[in-house]
Amino acid sequence: MAGKVMQAIRFEGYGGRVADLKHAEVPVPGPKKDEVLLKLEATSLNPVDWKIMKGVLRPILPRKFPYIPGTDVAGEVVEVGPGVKSVGVGDKVVAMLSHAESLTVKRPPEVSAAEGAALPVAGLTAHQALTKSAGIKLDGSGKTTNVLITAASGGVGHYAVQLAKLGNTHVTATCGARNIDFVKSLGADEVLDYKTPDGVALNSPSGKKYDAVIHCATGIPWSTFEPNLSERGKVIDITPNATAMLTFALKKLTLSKKQLVPLLMIPKRENLEYLVGLVKEGKLKTVVDSKHPLSNAEDAWSKSIDGHATGKIIVEP
């Protein structure tokens, strides 16, 4: 691929504005030992992409400027490094960038590029929160678990509802009024409009106390969650801020039975393969909020920053 160029969007310094995104032609890279080179067919946006641009993760990310954002992609393998064994040239794949071969899995023809590209960060976050943090078995075994999922119509939330219902769960979900029917269609047993008094208080319409909360929203204090939790209820916060970390520490120090659990997503290949398999089998669906060509990536960025997407935002070449 020496001498070839590709289209990209990038930013050249920290900034919170869509105007900071720049279109550029950049050299096509060559794969190192354990890397694969993909011809992209789709990528999905995650809030972390624009948070990096604002400098929220400095000094960890970005490592240097100019920086090309995005982690979740689907495409075709066009070249492989000498150490790669799991995929070959011509394979259609789903990948999470920056994790080399280990987070590249084959994508069957039943799973579209957009469906696959939407999965890695959002799907793996929902899966880890439910299985590892909340201890829910997705084969339906185990005792019934009462689960609350906040912001259930968003990227992580819409996967969390569907995955939770593969387990033995009763799911209460929150979302905006316009998405109530949508979230019910995903399998939620009861849905709260987050702007109503009961929605603000997170009161289960059937009076349930929550064994686990998959907290995909922001701005809800511990004092709102606590009275709604069962005796050993957990709030699993997928985007913990400093206040959440303090609450986590205090609950640990005081040996509280009710806990706040900050989630650090650890991507695992077998979990991504599992999710792709569920999509293939029709047991998990990716809901696409909107698709945008790379030439209009700014529109996708604006929609992501706005925070009201239903499902996932996709960018295509």
# chains A, B, ... in the order shown; residues from 1 in each chain; ligands from 1
call {"tool": "residues_around", "arguments": {"residues": "Leu263 in chain A", "least_positions_apart": "4", "cutoff": "7 Å", "atoms": "only C-alpha atoms", "output": "number ranges by chain"}}
result
A: 236-238
call {"tool": "residues_around", "arguments": {"residues": "range 168-181 of chain A", "least_positions_apart": "3", "cutoff": "9 Å", "atoms": "only C-alpha atoms", "output": "PyMOL selection string"}}
result
chain A and resi 136-154+157+161+164-165+184-195+199+202+204-205+208+210+308+310
call {"tool": "select_by_dssp", "arguments": {"residues": "range 81-210 of chain A", "states": "strand (DSSP E)", "output": "MDAnalysis selection string"}}
result
chainID A and resid 92:96 104:106 145:149 169:175 190:193 210
call {"tool": "closest_atom_pairs", "arguments": {"of": "range 24-76 of chain A", "to": "range 280-291 of chain A", "cutoff": "10 Å", "atoms": "only C-alpha atoms", "output": "CSV"}}
result
residue,atom,partner,partner_atom,distance
A:Ala42,CA,A:Lys291,CA,9.3
A:Thr43,CA,A:Lys291,CA,9.8
A:Ser44,CA,A:Lys291,CA,9.1
call {"tool": "residues_around", "arguments": {"residues": "Ile9 in chain A", "least_positions_apart": "2", "cutoff": "8 Å", "atoms": "only C-alpha atoms", "output": "PyMOL selection string"}}
result
chain A and resi 7+11+21-24+68-69+294+297
call {"tool": "write_last_selection", "arguments": {"atoms": "N, CA, C and O atoms", "output": "PDB file, in the first residue's frame"}}
result
ATOM      1  N   GLN A   7      -8.894   8.891   2.684  1.00  0.00           N
ATOM      2  CA  GLN A   7      -9.605  10.016   3.265  1.00  0.00           C
ATOM      3  C   GLN A   7      -9.797   9.785   4.763  1.00  0.00           C
ATOM      4  O   GLN A   7     -10.070   8.659   5.195  1.00  0.00           O
ATOM      5  N   PHE A  11      -8.356  15.696  14.163  1.00  0.00           N
ATOM      6  CA  PHE A  11      -8.219  17.003  14.798  1.00  0.00           C
ATOM      7  C   PHE A  11      -6.774  17.206  15.210  1.00  0.00           C
ATOM      8  O   PHE A  11      -6.049  16.253  15.486  1.00  0.00           O
ATOM      9  N   LEU A  21     -12.931  19.582  13.599  1.00  0.00           N
ATOM     10  CA  LEU A  21     -12.683  18.414  12.754  1.00  0.00           C
ATOM     11  C   LEU A  21     -12.163  18.873  11.398  1.00  0.00           C
ATOM     12  O   LEU A  21     -12.710  19.796  10.796  1.00  0.00           O
ATOM     13  N   LYS A  22     -11.135  18.210  10.914  1.00  0.00           N
ATOM     14  CA  LYS A  22     -10.551  18.565   9.621  1.00  0.00           C
ATOM     15  C   LYS A  22     -10.562  17.344   8.699  1.00  0.00           C
ATOM     16  O   LYS A  22     -10.236  16.228   9.122  1.00  0.00           O
ATOM     17  N   HIS A  23     -10.941  17.568   7.439  1.00  0.00           N
ATOM     18  CA  HIS A  23     -10.838  16.509   6.432  1.00  0.00           C
ATOM     19  C   HIS A  23      -9.420  16.512   5.880  1.00  0.00           C
ATOM     20  O   HIS A  23      -8.839  17.573   5.630  1.00  0.00           O
ATOM     21  N   ALA A  24      -8.854  15.317   5.685  1.00  0.00           N
ATOM     22  CA  ALA A  24      -7.466  15.238   5.223  1.00  0.00           C
ATOM     23  C   ALA A  24      -7.247  13.963   4.422  1.00  0.00           C
ATOM     24  O   ALA A  24      -7.976  12.975   4.582  1.00  0.00           O
ATOM     25  N   ILE A  68      -6.647  10.868  14.540  1.00  0.00           N
ATOM     26  CA  ILE A  68      -7.819  10.384  13.800  1.00  0.00           C
ATOM     27  C   ILE A  68      -8.714   9.634  14.779  1.00  0.00           C
ATOM     28  O   ILE A  68      -8.300   8.608  15.329  1.00  0.00           O
ATOM     29  N   PRO A  69      -9.919  10.145  15.053  1.00  0.00           N
ATOM     30  CA  PRO A  69     -10.775   9.527  16.069  1.00  0.00           C
ATOM     31  C   PRO A  69     -11.479   8.284  15.541  1.00  0.00           C
ATOM     32  O   PRO A  69     -11.518   8.023  14.342  1.00  0.00           O
ATOM     33  N   LEU A 294     -18.734  10.028   5.073  1.00  0.00           N
ATOM     34  CA  LEU A 294     -17.548  10.630   5.671  1.00  0.00           C
ATOM     35  C   LEU A 294     -17.434  12.111   5.319  1.00  0.00           C
ATOM     36  O   LEU A 294     -16.984  12.921   6.129  1.00  0.00           O
ATOM     37  N   ALA A 297     -19.169  14.068   7.950  1.00  0.00           N
ATOM     38  CA  ALA A 297     -18.964  13.518   9.290  1.00  0.00           C
ATOM     39  C   ALA A 297     -19.314  14.522  10.382  1.00  0.00           C
ATOM     40  O   ALA A 297     -19.668  14.138  11.496  1.00  0.00           O
TER      41      ALA A 297
END
